[in-house]
Amino acid sequence: MGVGILVENLNAWYGSTHTLQDINLHIPANHATALIGPSGCGKSTFVRCLNRMHETNPVARATGVVKMGEIDIYKDASPVEIRRRLGMVFQRPNPFPTMSIYDNVISGLKLNGFRNRQILDETVERSLKQAALWEEVKDDLKKKSGASLSGGQQQRMCIARALAVDPEVLLMDEPASALDPVSTSKIEDLIFQLKSQYTIVIVTHNMQQAARVAENTGFFLNGKMVEFDSTHKIFTNPRDKRTEDYITGRFG
Amino acid sequence: MAGRIRFHQSLDDLKEHLLVMAGMAEQAIQRSIEAYRTRDLSICELVFRTEPSINRLEREIDQMALDLLAMEQPMAIDLRFILSVIRINADLERVGDQAVNIAVRVREMGAFANIDLPVDIPKLASLSSAMVRKSLQAFIDADAELADSVLLLDDQVDKMNDAAFYALSTLIKEKPELTPQSLNALIIARNLERVGDHATNIAEDVIFWVRGSDVRHHSPTT
């Protein structure tokens with residue numbers, strides 16, 4: 001099951017640039033939450049703070065509290081442990097090109113030392129079914145490389161790979177922006193199904209996509225969270241003028 | 001201001017078209033009341049001849065709104081604006097229909113003697129027309145407070161219509177030979193009361209557009 005994420009006074013810097021300023025937010029468990037905002041507004045930095053990728057940059061630092069369920073991710077767990085609990089899906093599908101579909105999906109488990117063949121087989125089947133890819137690839141799991149799949153299939157394989165390690169939260173950074181409309185709607189259907197089991201955070205520039213898949217939406221601007229509310233409220237009658245100006249295309 | 005310049009020009013264009021529609025509907029009501037006042041059947045003909053143009057413009061505005069919804073996926077205040085335009089458009093077309101209904105009644109009344117009836121149709125018309133004008137001014141200026149004031153006028157129009165109903169039904173009982181004229185006047189009063197209702201709807205749509213609040217049926221929700 002997914003867990004909620006509580007963010008308190010999160011601040012982040014790259015060198016002297018203050019990229020996230022006093023972010024306070026509650027992302028509810030088993031819901032999809034969309035983060036929108038213009039390029040450079042801080043939403044990707046925010047996601048990188050959630051899975052402790054931000055600190056991998058030597059000039060980057062962050063302060064504040066991020067809790068996943070009861071766990072304070074900066075105090076109670078290692079980055080490796082956190083990244084196992086938060087699966088990440090990126091803008092462009094990033095399969096390991098020399099690996100088969102099967103090996104791509106279980107790569108995370110293998111890194112974590114799992115070797116039991118039966119468990120690995122079961123995990124591959126479960127994850128690919130969850131990612132709505134199983135029927136399309138079940139006969140070629142070990143024959144075809146992950147890179148031989150279409151873009152949309154590769155992205156669903158990457159989602160299966162993220163799900164294989166049994167995370168609680170799925171972070172998706174523009175997961176459908178490089179895909180055609182049919183593949184995009186498959187990913188969106190998937191998000192809809194997956195949120196019963198996982199907490200989903202999706203960064204997107206596509207506001208219609210946010211409106212379709214997310215219950216809640218946060219609007220970032222210049223490193224600040226301007227508004228966080230139900231997606232319905234944000235897209236029909238936002239409280240803040242800046243949110244309205246952004247989503248109606250009056251600036252940006 | 002950068003952003004969706006072409007889209008926002010299209011919204012302005014949609015607003016201009018709706019104002020043309022509003023002008024035509026207002027003029028139709030004014031003409032029908034002028035026809036009642038003067039019993040000039042040539043003015044009735046003018047009202048009948050204008051109606052197809054109002055209907056054509058209604059379809060054109062709906063199509064423009066539909067295209068913008070399909071092609072531009074508007075959000076927030078833009079989405080509310082287009083939704084309001086679609087509703088106001090339908091109300092204006094109905095105002096045009098009421099003008100035609102009044103003109104039909106005036107034509108019927110022409111077959112009978114012009115008598116003094118215990119109902120002030122021009123006064124009722126002036127009040128309901130003022131509601132239409134104010135609601136449209138509220139639309140032009142995006143003025144939700146002016147739209148609020150329109151909602152308060154509706155009770156007055158309703159009361160005048162009720163009074164007309166009582167006075168005319170009493171007249172029918174007392175002087176049955178005046179039934180045709182009384183019935184026509186009663187229907188005209190009812191038509192004008194409906195015009196007031198359409199003005200109320202337009203004002204409610206302006207409030208929805210500007211504030212995002214749905215005040216229909218006396219229940220504000222955001």
# chains A, B, ... in the order shown; residues from 1 in each chain; ligands from 1
>>> residues_around(residues="Lys186 of chain A", least_positions_apart="6", cutoff="9 Å", atoms="only C-alpha atoms", output="list in words")
Ala132, Gly152 and Arg156 of chain A
>>> residues_around(residues="segment 50-58 of chain A", least_positions_apart="4", cutoff="7 Å", atoms="only C-alpha atoms", output="list in words")
Thr45, Phe46, Pro79, Ile82, Arg83 and Leu86 of chain A
>>> closest_residue(among="B:Met21, B:Val132, B:Val47, B:Ala90", to="Ala35 of chain B", atoms="only C-alpha atoms")
B:Val47
>>> closest_atom_pairs(of="chain A", to="chain B", cutoff="7 Å", atoms="only C-alpha atoms", output="tab-separated table")
residue	atom	partner	partner_atom	distance
A:Phe235	CA	B:Ala76	CA	5.1
A:Thr236	CA	B:Ala76	CA	4.0
A:Asn237	CA	B:Ala76	CA	5.2
A:Pro238	CA	B:Ala76	CA	7.0
A:Glu244	CA	B:Ala76	CA	6.5
A:Ile247	CA	B:Met75	CA	6.3
A:Thr248	CA	B:Met75	CA	5.5
A:Gly249	CA	B:Gly3	CA	4.9
A:Arg250	CA	B:Gly3	CA	5.0
A:Phe251	CA	B:Gly3	CA	5.1
A:Gly252	CA	B:Gly3	CA	6.1
>>> atom_distance(atom1="atom CA of Phe112 of chain B", atom2="atom CA of Glu51 of chain B")
25.9 Å
>>> residues_around(residues="Ile159 of chain A", least_positions_apart="3", cutoff="7 Å", atoms="only C-alpha atoms", output="list in words")
Val89, Ala131, Gln155, Arg156, Ala162 and Leu163 of chain A
>>> residues_around(residues="Ser145 of chain A", least_positions_apart="2", cutoff="7 Å", atoms="only C-alpha atoms", output="PDB file with C-alpha atoms, in the first residue's frame")
ATOM      1  CA  PRO A  97      19.695  -1.614 -23.787  1.00  0.00           C
ATOM      2  CA  THR A  98      21.687  -4.810 -23.583  1.00  0.00           C
ATOM      3  CA  MET A  99      19.313  -6.511 -21.128  1.00  0.00           C
ATOM      4  CA  SER A 100      16.283  -8.609 -22.023  1.00  0.00           C
ATOM      5  CA  ILE A 101      12.825  -7.428 -21.000  1.00  0.00           C
ATOM      6  CA  LYS A 143      14.297 -13.257 -26.242  1.00  0.00           C
ATOM      7  CA  ALA A 147      15.333  -1.472 -26.200  1.00  0.00           C
ATOM      8  CA  SER A 148      13.540  -3.356 -28.995  1.00  0.00           C
TER       9      SER A 148
END
>>> residues_around(residues="Leu10 of chain A", least_positions_apart="2", cutoff="12 Å", atoms="only C-alpha atoms", output="PDB file with N, CA and C atoms, in the first residue's frame")
ATOM      1  N   LEU A   6       4.677  13.815   3.995  1.00  0.00           N
ATOM      2  CA  LEU A   6       4.481  15.103   4.649  1.00  0.00           C
ATOM      3  C   LEU A   6       5.758  15.924   4.485  1.00  0.00           C
ATOM      4  N   VAL A   7       5.638  17.097   3.928  1.00  0.00           N
ATOM      5  CA  VAL A   7       6.810  17.956   3.697  1.00  0.00           C
ATOM      6  C   VAL A   7       6.655  19.206   4.557  1.00  0.00           C
ATOM      7  N   GLU A   8       7.697  19.475   5.364  1.00  0.00           N
ATOM      8  CA  GLU A   8       7.621  20.651   6.241  1.00  0.00           C
ATOM      9  C   GLU A   8       8.846  21.531   6.044  1.00  0.00           C
ATOM     10  N   ALA A  12      15.746  24.126  -0.619  1.00  0.00           N
ATOM     11  CA  ALA A  12      16.840  23.477  -1.349  1.00  0.00           C
ATOM     12  C   ALA A  12      17.657  24.528  -2.089  1.00  0.00           C
ATOM     13  N   TRP A  13      18.919  24.237  -2.210  1.00  0.00           N
ATOM     14  CA  TRP A  13      19.838  25.154  -2.887  1.00  0.00           C
ATOM     15  C   TRP A  13      20.708  24.393  -3.891  1.00  0.00           C
ATOM     16  N   HIS A  18      18.743  29.613  -4.372  1.00  0.00           N
ATOM     17  CA  HIS A  18      17.732  29.052  -3.473  1.00  0.00           C
ATOM     18  C   HIS A  18      16.575  28.518  -4.335  1.00  0.00           C
ATOM     19  N   THR A  19      16.623  27.239  -4.700  1.00  0.00           N
ATOM     20  CA  THR A  19      15.695  26.727  -5.724  1.00  0.00           C
ATOM     21  C   THR A  19      14.338  26.284  -5.159  1.00  0.00           C
ATOM     22  N   LEU A  20      14.289  25.942  -3.885  1.00  0.00           N
ATOM     23  CA  LEU A  20      13.000  25.615  -3.259  1.00  0.00           C
ATOM     24  C   LEU A  20      12.892  26.391  -1.961  1.00  0.00           C
ATOM     25  N   GLN A  21      11.773  27.085  -1.787  1.00  0.00           N
ATOM     26  CA  GLN A  21      11.661  27.968  -0.623  1.00  0.00           C
ATOM     27  C   GLN A  21      10.440  27.624   0.223  1.00  0.00           C
ATOM     28  N   ASP A  22      10.709  27.132   1.425  1.00  0.00           N
ATOM     29  CA  ASP A  22       9.655  26.904   2.434  1.00  0.00           C
ATOM     30  C   ASP A  22       8.456  26.139   1.889  1.00  0.00           C
ATOM     31  N   ILE A  23       8.727  24.948   1.385  1.00  0.00           N
ATOM     32  CA  ILE A  23       7.629  24.134   0.837  1.00  0.00           C
ATOM     33  C   ILE A  23       6.975  23.352   1.978  1.00  0.00           C
ATOM     34  N   ASN A  24       5.690  23.501   2.116  1.00  0.00           N
ATOM     35  CA  ASN A  24       4.903  22.731   3.087  1.00  0.00           C
ATOM     36  C   ASN A  24       3.767  22.072   2.328  1.00  0.00           C
ATOM     37  N   LEU A  25       3.615  20.769   2.556  1.00  0.00           N
ATOM     38  CA  LEU A  25       2.690  20.046   1.683  1.00  0.00           C
ATOM     39  C   LEU A  25       2.390  18.678   2.271  1.00  0.00           C
ATOM     40  N   GLY A  42      11.044  24.619  -9.976  1.00  0.00           N
ATOM     41  CA  GLY A  42      11.450  23.873  -8.782  1.00  0.00           C
ATOM     42  C   GLY A  42      10.759  22.538  -8.601  1.00  0.00           C
ATOM     43  N   THR A  45      13.265  19.658  -8.805  1.00  0.00           N
ATOM     44  CA  THR A  45      14.113  19.679  -7.597  1.00  0.00           C
ATOM     45  C   THR A  45      13.338  19.102  -6.424  1.00  0.00           C
ATOM     46  N   PHE A  46      12.050  19.459  -6.345  1.00  0.00           N
ATOM     47  CA  PHE A  46      11.207  18.949  -5.261  1.00  0.00           C
ATOM     48  C   PHE A  46      11.167  17.421  -5.301  1.00  0.00           C
ATOM     49  N   VAL A  47      10.946  16.878  -6.504  1.00  0.00           N
ATOM     50  CA  VAL A  47      10.883  15.410  -6.632  1.00  0.00           C
ATOM     51  C   VAL A  47      12.240  14.801  -6.271  1.00  0.00           C
ATOM     52  N   CYS A  49      14.296  15.930  -4.193  1.00  0.00           N
ATOM     53  CA  CYS A  49      14.444  15.960  -2.733  1.00  0.00           C
ATOM     54  C   CYS A  49      13.677  14.792  -2.091  1.00  0.00           C
ATOM     55  N   LEU A  50      12.569  14.416  -2.713  1.00  0.00           N
ATOM     56  CA  LEU A  50      11.772  13.324  -2.143  1.00  0.00           C
ATOM     57  C   LEU A  50      12.527  12.002  -2.196  1.00  0.00           C
ATOM     58  N   ARG A  61      22.185  21.299  -1.597  1.00  0.00           N
ATOM     59  CA  ARG A  61      21.836  20.933  -0.230  1.00  0.00           C
ATOM     60  C   ARG A  61      20.366  21.219   0.022  1.00  0.00           C
ATOM     61  N   ALA A  62      19.847  20.563   1.049  1.00  0.00           N
ATOM     62  CA  ALA A  62      18.428  20.751   1.360  1.00  0.00           C
ATOM     63  C   ALA A  62      18.245  20.758   2.864  1.00  0.00           C
ATOM     64  N   THR A  63      17.276  21.522   3.355  1.00  0.00           N
ATOM     65  CA  THR A  63      16.913  21.497   4.774  1.00  0.00           C
ATOM     66  C   THR A  63      15.398  21.318   4.888  1.00  0.00           C
ATOM     67  N   GLY A  64      14.978  20.899   6.058  1.00  0.00           N
ATOM     68  CA  GLY A  64      13.543  20.694   6.270  1.00  0.00           C
ATOM     69  C   GLY A  64      13.250  19.230   6.537  1.00  0.00           C
ATOM     70  N   VAL A  65      11.976  18.930   6.646  1.00  0.00           N
ATOM     71  CA  VAL A  65      11.566  17.571   7.006  1.00  0.00           C
ATOM     72  C   VAL A  65      10.715  16.987   5.882  1.00  0.00           C
ATOM     73  N   VAL A  66      11.065  15.748   5.498  1.00  0.00           N
ATOM     74  CA  VAL A  66      10.212  15.006   4.555  1.00  0.00           C
ATOM     75  C   VAL A  66       9.906  13.664   5.201  1.00  0.00           C
ATOM     76  N   LYS A  67       8.640  13.420   5.461  1.00  0.00           N
ATOM     77  CA  LYS A  67       8.262  12.146   6.081  1.00  0.00           C
ATOM     78  C   LYS A  67       7.459  11.306   5.098  1.00  0.00           C
ATOM     79  N   TYR A  74      15.273  11.890   5.732  1.00  0.00           N
ATOM     80  CA  TYR A  74      16.631  12.414   5.896  1.00  0.00           C
ATOM     81  C   TYR A  74      17.278  11.963   7.198  1.00  0.00           C
ATOM     82  N   GLY A 223      10.327  28.582  -7.370  1.00  0.00           N
ATOM     83  CA  GLY A 223      10.800  27.876  -6.182  1.00  0.00           C
ATOM     84  C   GLY A 223       9.809  27.826  -5.034  1.00  0.00           C
ATOM     85  N   LYS A 224       8.614  28.386  -5.243  1.00  0.00           N
ATOM     86  CA  LYS A 224       7.630  28.365  -4.160  1.00  0.00           C
ATOM     87  C   LYS A 224       6.391  27.577  -4.586  1.00  0.00           C
ATOM     88  N   MET A 225       5.743  26.994  -3.583  1.00  0.00           N
ATOM     89  CA  MET A 225       4.465  26.342  -3.858  1.00  0.00           C
ATOM     90  C   MET A 225       3.391  27.416  -3.712  1.00  0.00           C
TER      91      MET A 225
END
>>> residues_around(residues="Ile27 of chain A", least_positions_apart="4", cutoff="7 Å", atoms="only C-alpha atoms", output="PDB file with C-alpha atoms, in the first residue's frame")
ATOM      1  CA  GLY A   4       1.402   9.648   2.594  1.00  0.00           C
ATOM      2  CA  ILE A   5       4.228  12.152   2.308  1.00  0.00           C
ATOM      3  CA  LEU A   6       4.481  15.103   4.649  1.00  0.00           C
ATOM      4  CA  THR A  33      -0.845  14.230  -6.944  1.00  0.00           C
TER       5      THR A  33
END
>>> residues_around(residues="Val203 of chain A", least_positions_apart="5", cutoff="10 Å", atoms="only C-alpha atoms", output="PDB file with N, CA and C atoms, in the first residue's frame")
ATOM      1  N   THR A  33      -1.031  12.798  -7.158  1.00  0.00           N
ATOM      2  CA  THR A  33      -0.845  14.230  -6.944  1.00  0.00           C
ATOM      3  C   THR A  33      -0.007  14.785  -8.088  1.00  0.00           C
ATOM      4  N   ALA A  34      -0.506  15.796  -8.760  1.00  0.00           N
ATOM      5  CA  ALA A  34       0.226  16.372  -9.887  1.00  0.00           C
ATOM      6  C   ALA A  34       0.958  17.627  -9.441  1.00  0.00           C
ATOM      7  N   LEU A  35       2.157  17.818  -9.971  1.00  0.00           N
ATOM      8  CA  LEU A  35       2.916  19.048  -9.729  1.00  0.00           C
ATOM      9  C   LEU A  35       3.081  19.752 -11.062  1.00  0.00           C
ATOM     10  N   ILE A  36       2.609  20.988 -11.119  1.00  0.00           N
ATOM     11  CA  ILE A  36       2.709  21.738 -12.370  1.00  0.00           C
ATOM     12  C   ILE A  36       3.453  23.048 -12.124  1.00  0.00           C
ATOM     13  N   GLY A  37       3.882  23.646 -13.213  1.00  0.00           N
ATOM     14  CA  GLY A  37       4.595  24.920 -13.105  1.00  0.00           C
ATOM     15  C   GLY A  37       5.525  25.080 -14.288  1.00  0.00           C
ATOM     16  N   LYS A  43       9.868  22.184  -9.510  1.00  0.00           N
ATOM     17  CA  LYS A  43       9.122  20.940  -9.272  1.00  0.00           C
ATOM     18  C   LYS A  43      10.019  19.695  -9.391  1.00  0.00           C
ATOM     19  N   SER A  44      10.960  19.720 -10.340  1.00  0.00           N
ATOM     20  CA  SER A  44      11.856  18.561 -10.454  1.00  0.00           C
ATOM     21  C   SER A  44      12.804  18.499  -9.260  1.00  0.00           C
ATOM     22  N   PHE A  46      12.050  19.459  -6.345  1.00  0.00           N
ATOM     23  CA  PHE A  46      11.207  18.949  -5.261  1.00  0.00           C
ATOM     24  C   PHE A  46      11.167  17.421  -5.301  1.00  0.00           C
ATOM     25  N   VAL A  47      10.946  16.878  -6.504  1.00  0.00           N
ATOM     26  CA  VAL A  47      10.883  15.410  -6.632  1.00  0.00           C
ATOM     27  C   VAL A  47      12.240  14.801  -6.271  1.00  0.00           C
ATOM     28  N   PHE A  90      11.036   8.239 -15.471  1.00  0.00           N
ATOM     29  CA  PHE A  90      11.520   9.490 -16.046  1.00  0.00           C
ATOM     30  C   PHE A  90      10.796   9.846 -17.337  1.00  0.00           C
ATOM     31  N   GLN A  91      11.132  11.041 -17.834  1.00  0.00           N
ATOM     32  CA  GLN A  91      10.482  11.563 -19.031  1.00  0.00           C
ATOM     33  C   GLN A  91      10.673  10.637 -20.226  1.00  0.00           C
ATOM     34  N   LEU A 171       7.180   8.058  -8.220  1.00  0.00           N
ATOM     35  CA  LEU A 171       7.414   9.432  -8.680  1.00  0.00           C
ATOM     36  C   LEU A 171       7.534   9.399 -10.195  1.00  0.00           C
ATOM     37  N   MET A 172       6.744  10.182 -10.867  1.00  0.00           N
ATOM     38  CA  MET A 172       6.783  10.159 -12.331  1.00  0.00           C
ATOM     39  C   MET A 172       7.080  11.564 -12.837  1.00  0.00           C
ATOM     40  N   ASP A 173       8.221  11.691 -13.538  1.00  0.00           N
ATOM     41  CA  ASP A 173       8.617  13.014 -14.039  1.00  0.00           C
ATOM     42  C   ASP A 173       8.301  13.080 -15.529  1.00  0.00           C
ATOM     43  N   GLU A 174       7.232  13.739 -15.885  1.00  0.00           N
ATOM     44  CA  GLU A 174       6.790  13.844 -17.288  1.00  0.00           C
ATOM     45  C   GLU A 174       6.754  12.471 -17.958  1.00  0.00           C
ATOM     46  N   PRO A 175       6.021  11.514 -17.403  1.00  0.00           N
ATOM     47  CA  PRO A 175       6.156  10.124 -17.874  1.00  0.00           C
ATOM     48  C   PRO A 175       5.614   9.897 -19.287  1.00  0.00           C
ATOM     49  N   ALA A 210      -2.743  16.377 -16.008  1.00  0.00           N
ATOM     50  CA  ALA A 210      -2.899  16.543 -14.555  1.00  0.00           C
ATOM     51  C   ALA A 210      -4.380  16.499 -14.188  1.00  0.00           C
ATOM     52  N   THR A 217      -3.500  18.842  -7.007  1.00  0.00           N
ATOM     53  CA  THR A 217      -2.476  19.459  -7.854  1.00  0.00           C
ATOM     54  C   THR A 217      -1.802  20.590  -7.082  1.00  0.00           C
ATOM     55  N   GLY A 218      -0.460  20.645  -7.221  1.00  0.00           N
ATOM     56  CA  GLY A 218       0.298  21.744  -6.632  1.00  0.00           C
ATOM     57  C   GLY A 218       0.906  22.585  -7.741  1.00  0.00           C
TER      58      GLY A 218
END
>>> atom_distance(atom1="atom CA of Tyr102 of chain A", atom2="atom CA of Gln130 of chain A")
14.6 Å
>>> closest_residue(among="A:Asp139, A:Glu227, A:Glu125, A:Thr184", to="Val213 of chain A", atoms="only C-alpha atoms")
A:Thr184
>>> select_by_dssp(residues="segment 116-172 of chain A", states="strand (DSSP E or B)", output="list in words")
Ser145, Val169, Leu170, Leu171 and Met172 of chain A
>>> closest_residue(among="B:Pro176, B:Asn89, B:Ala22, B:Val150", to="Gln63 of chain B", atoms="only C-alpha atoms")
B:Asn89
>>> closest_residue(among="B:Val195, B:Ala65, B:Ile82, B:Val157", to="Ala25 of chain B", atoms="only C-alpha atoms")
B:Val195
>>> select_by_dssp(residues="segment 109-158 of chain B", states="alpha helix (DSSP H)", output="PyMOL selection string")
chain B and resi 109+121-141+144-158
>>> closest_residue(among="B:Ala163, B:Ala99, B:Leu152, B:Ala138", to="Arg49 of chain B", atoms="only C-alpha atoms")
B:Ala99
>>> decode(residues="segment 55-86 of chain B", atoms="N, CA and C atoms", output="PDB file, in the first residue's frame")
ATOM      1  N   ASN B  55     -31.599  33.272 -34.442  1.00  0.00           N
ATOM      2  CA  ASN B  55     -31.373  31.816 -34.383  1.00  0.00           C
ATOM      3  C   ASN B  55     -30.063  31.427 -35.066  1.00  0.00           C
ATOM      4  N   ARG B  56     -29.794  32.088 -36.205  1.00  0.00           N
ATOM      5  CA  ARG B  56     -28.555  31.786 -36.944  1.00  0.00           C
ATOM      6  C   ARG B  56     -27.345  32.149 -36.101  1.00  0.00           C
ATOM      7  N   LEU B  57     -27.419  33.313 -35.479  1.00  0.00           N
ATOM      8  CA  LEU B  57     -26.290  33.775 -34.661  1.00  0.00           C
ATOM      9  C   LEU B  57     -26.105  32.872 -33.442  1.00  0.00           C
ATOM     10  N   GLU B  58     -27.212  32.378 -32.894  1.00  0.00           N
ATOM     11  CA  GLU B  58     -27.101  31.454 -31.756  1.00  0.00           C
ATOM     12  C   GLU B  58     -26.265  30.232 -32.138  1.00  0.00           C
ATOM     13  N   ARG B  59     -26.580  29.664 -33.312  1.00  0.00           N
ATOM     14  CA  ARG B  59     -25.829  28.474 -33.753  1.00  0.00           C
ATOM     15  C   ARG B  59     -24.362  28.816 -33.997  1.00  0.00           C
ATOM     16  N   GLU B  60     -24.124  30.001 -34.591  1.00  0.00           N
ATOM     17  CA  GLU B  60     -22.754  30.410 -34.898  1.00  0.00           C
ATOM     18  C   GLU B  60     -21.930  30.555 -33.606  1.00  0.00           C
ATOM     19  N   ILE B  61     -22.525  31.174 -32.595  1.00  0.00           N
ATOM     20  CA  ILE B  61     -21.815  31.383 -31.328  1.00  0.00           C
ATOM     21  C   ILE B  61     -21.554  30.040 -30.644  1.00  0.00           C
ATOM     22  N   ASP B  62     -22.544  29.161 -30.669  1.00  0.00           N
ATOM     23  CA  ASP B  62     -22.345  27.831 -30.091  1.00  0.00           C
ATOM     24  C   ASP B  62     -21.187  27.110 -30.771  1.00  0.00           C
ATOM     25  N   GLN B  63     -21.124  27.230 -32.089  1.00  0.00           N
ATOM     26  CA  GLN B  63     -20.060  26.557 -32.839  1.00  0.00           C
ATOM     27  C   GLN B  63     -18.701  27.140 -32.472  1.00  0.00           C
ATOM     28  N   MET B  64     -18.643  28.478 -32.343  1.00  0.00           N
ATOM     29  CA  MET B  64     -17.369  29.115 -31.945  1.00  0.00           C
ATOM     30  C   MET B  64     -16.928  28.605 -30.573  1.00  0.00           C
ATOM     31  N   ALA B  65     -17.904  28.523 -29.650  1.00  0.00           N
ATOM     32  CA  ALA B  65     -17.591  28.078 -28.290  1.00  0.00           C
ATOM     33  C   ALA B  65     -17.134  26.625 -28.298  1.00  0.00           C
ATOM     34  N   LEU B  66     -17.831  25.824 -29.089  1.00  0.00           N
ATOM     35  CA  LEU B  66     -17.480  24.400 -29.187  1.00  0.00           C
ATOM     36  C   LEU B  66     -16.068  24.226 -29.734  1.00  0.00           C
ATOM     37  N   ASP B  67     -15.748  25.005 -30.775  1.00  0.00           N
ATOM     38  CA  ASP B  67     -14.406  24.922 -31.367  1.00  0.00           C
ATOM     39  C   ASP B  67     -13.337  25.282 -30.340  1.00  0.00           C
ATOM     40  N   LEU B  68     -13.605  26.330 -29.566  1.00  0.00           N
ATOM     41  CA  LEU B  68     -12.598  26.744 -28.566  1.00  0.00           C
ATOM     42  C   LEU B  68     -12.428  25.664 -27.493  1.00  0.00           C
ATOM     43  N   LEU B  69     -13.546  25.043 -27.090  1.00  0.00           N
ATOM     44  CA  LEU B  69     -13.441  23.975 -26.089  1.00  0.00           C
ATOM     45  C   LEU B  69     -12.622  22.813 -26.644  1.00  0.00           C
ATOM     46  N   ALA B  70     -12.900  22.468 -27.909  1.00  0.00           N
ATOM     47  CA  ALA B  70     -12.231  21.305 -28.500  1.00  0.00           C
ATOM     48  C   ALA B  70     -10.769  21.586 -28.812  1.00  0.00           C
ATOM     49  N   MET B  71     -10.476  22.799 -29.317  1.00  0.00           N
ATOM     50  CA  MET B  71      -9.135  23.060 -29.824  1.00  0.00           C
ATOM     51  C   MET B  71      -8.200  23.657 -28.777  1.00  0.00           C
ATOM     52  N   GLU B  72      -8.741  24.335 -27.793  1.00  0.00           N
ATOM     53  CA  GLU B  72      -7.875  25.094 -26.886  1.00  0.00           C
ATOM     54  C   GLU B  72      -7.851  24.550 -25.466  1.00  0.00           C
ATOM     55  N   GLN B  73      -8.758  23.624 -25.150  1.00  0.00           N
ATOM     56  CA  GLN B  73      -8.834  23.085 -23.779  1.00  0.00           C
ATOM     57  C   GLN B  73      -8.669  24.186 -22.721  1.00  0.00           C
ATOM     58  N   PRO B  74      -9.614  25.123 -22.693  1.00  0.00           N
ATOM     59  CA  PRO B  74      -9.487  26.243 -21.752  1.00  0.00           C
ATOM     60  C   PRO B  74      -9.587  25.793 -20.297  1.00  0.00           C
ATOM     61  N   MET B  75      -9.010  26.615 -19.429  1.00  0.00           N
ATOM     62  CA  MET B  75      -8.985  26.302 -18.000  1.00  0.00           C
ATOM     63  C   MET B  75      -9.543  27.485 -17.207  1.00  0.00           C
ATOM     64  N   ALA B  76      -9.951  27.182 -15.981  1.00  0.00           N
ATOM     65  CA  ALA B  76     -10.291  28.197 -14.983  1.00  0.00           C
ATOM     66  C   ALA B  76     -11.187  29.301 -15.548  1.00  0.00           C
ATOM     67  N   ILE B  77     -10.773  30.561 -15.433  1.00  0.00           N
ATOM     68  CA  ILE B  77     -11.674  31.677 -15.794  1.00  0.00           C
ATOM     69  C   ILE B  77     -12.059  31.625 -17.275  1.00  0.00           C
ATOM     70  N   ASP B  78     -11.147  31.120 -18.123  1.00  0.00           N
ATOM     71  CA  ASP B  78     -11.473  31.005 -19.553  1.00  0.00           C
ATOM     72  C   ASP B  78     -12.542  29.929 -19.775  1.00  0.00           C
ATOM     73  N   LEU B  79     -12.413  28.832 -19.053  1.00  0.00           N
ATOM     74  CA  LEU B  79     -13.397  27.753 -19.162  1.00  0.00           C
ATOM     75  C   LEU B  79     -14.758  28.245 -18.673  1.00  0.00           C
ATOM     76  N   ARG B  80     -14.750  28.951 -17.558  1.00  0.00           N
ATOM     77  CA  ARG B  80     -16.012  29.468 -17.007  1.00  0.00           C
ATOM     78  C   ARG B  80     -16.629  30.490 -17.959  1.00  0.00           C
ATOM     79  N   PHE B  81     -15.762  31.291 -18.598  1.00  0.00           N
ATOM     80  CA  PHE B  81     -16.267  32.294 -19.542  1.00  0.00           C
ATOM     81  C   PHE B  81     -17.005  31.611 -20.699  1.00  0.00           C
ATOM     82  N   ILE B  82     -16.372  30.602 -21.275  1.00  0.00           N
ATOM     83  CA  ILE B  82     -16.984  29.945 -22.440  1.00  0.00           C
ATOM     84  C   ILE B  82     -18.287  29.253 -22.045  1.00  0.00           C
ATOM     85  N   LEU B  83     -18.269  28.611 -20.873  1.00  0.00           N
ATOM     86  CA  LEU B  83     -19.497  27.960 -20.395  1.00  0.00           C
ATOM     87  C   LEU B  83     -20.609  29.005 -20.205  1.00  0.00           C
ATOM     88  N   SER B  84     -20.246  30.151 -19.648  1.00  0.00           N
ATOM     89  CA  SER B  84     -21.228  31.221 -19.444  1.00  0.00           C
ATOM     90  C   SER B  84     -21.749  31.742 -20.780  1.00  0.00           C
ATOM     91  N   VAL B  85     -20.859  31.891 -21.748  1.00  0.00           N
ATOM     92  CA  VAL B  85     -21.289  32.374 -23.064  1.00  0.00           C
ATOM     93  C   VAL B  85     -22.308  31.402 -23.674  1.00  0.00           C
ATOM     94  N   ILE B  86     -22.045  30.113 -23.542  1.00  0.00           N
ATOM     95  CA  ILE B  86     -22.963  29.116 -24.112  1.00  0.00           C
ATOM     96  C   ILE B  86     -24.347  29.257 -23.466  1.00  0.00           C
TER      97      ILE B  86
END
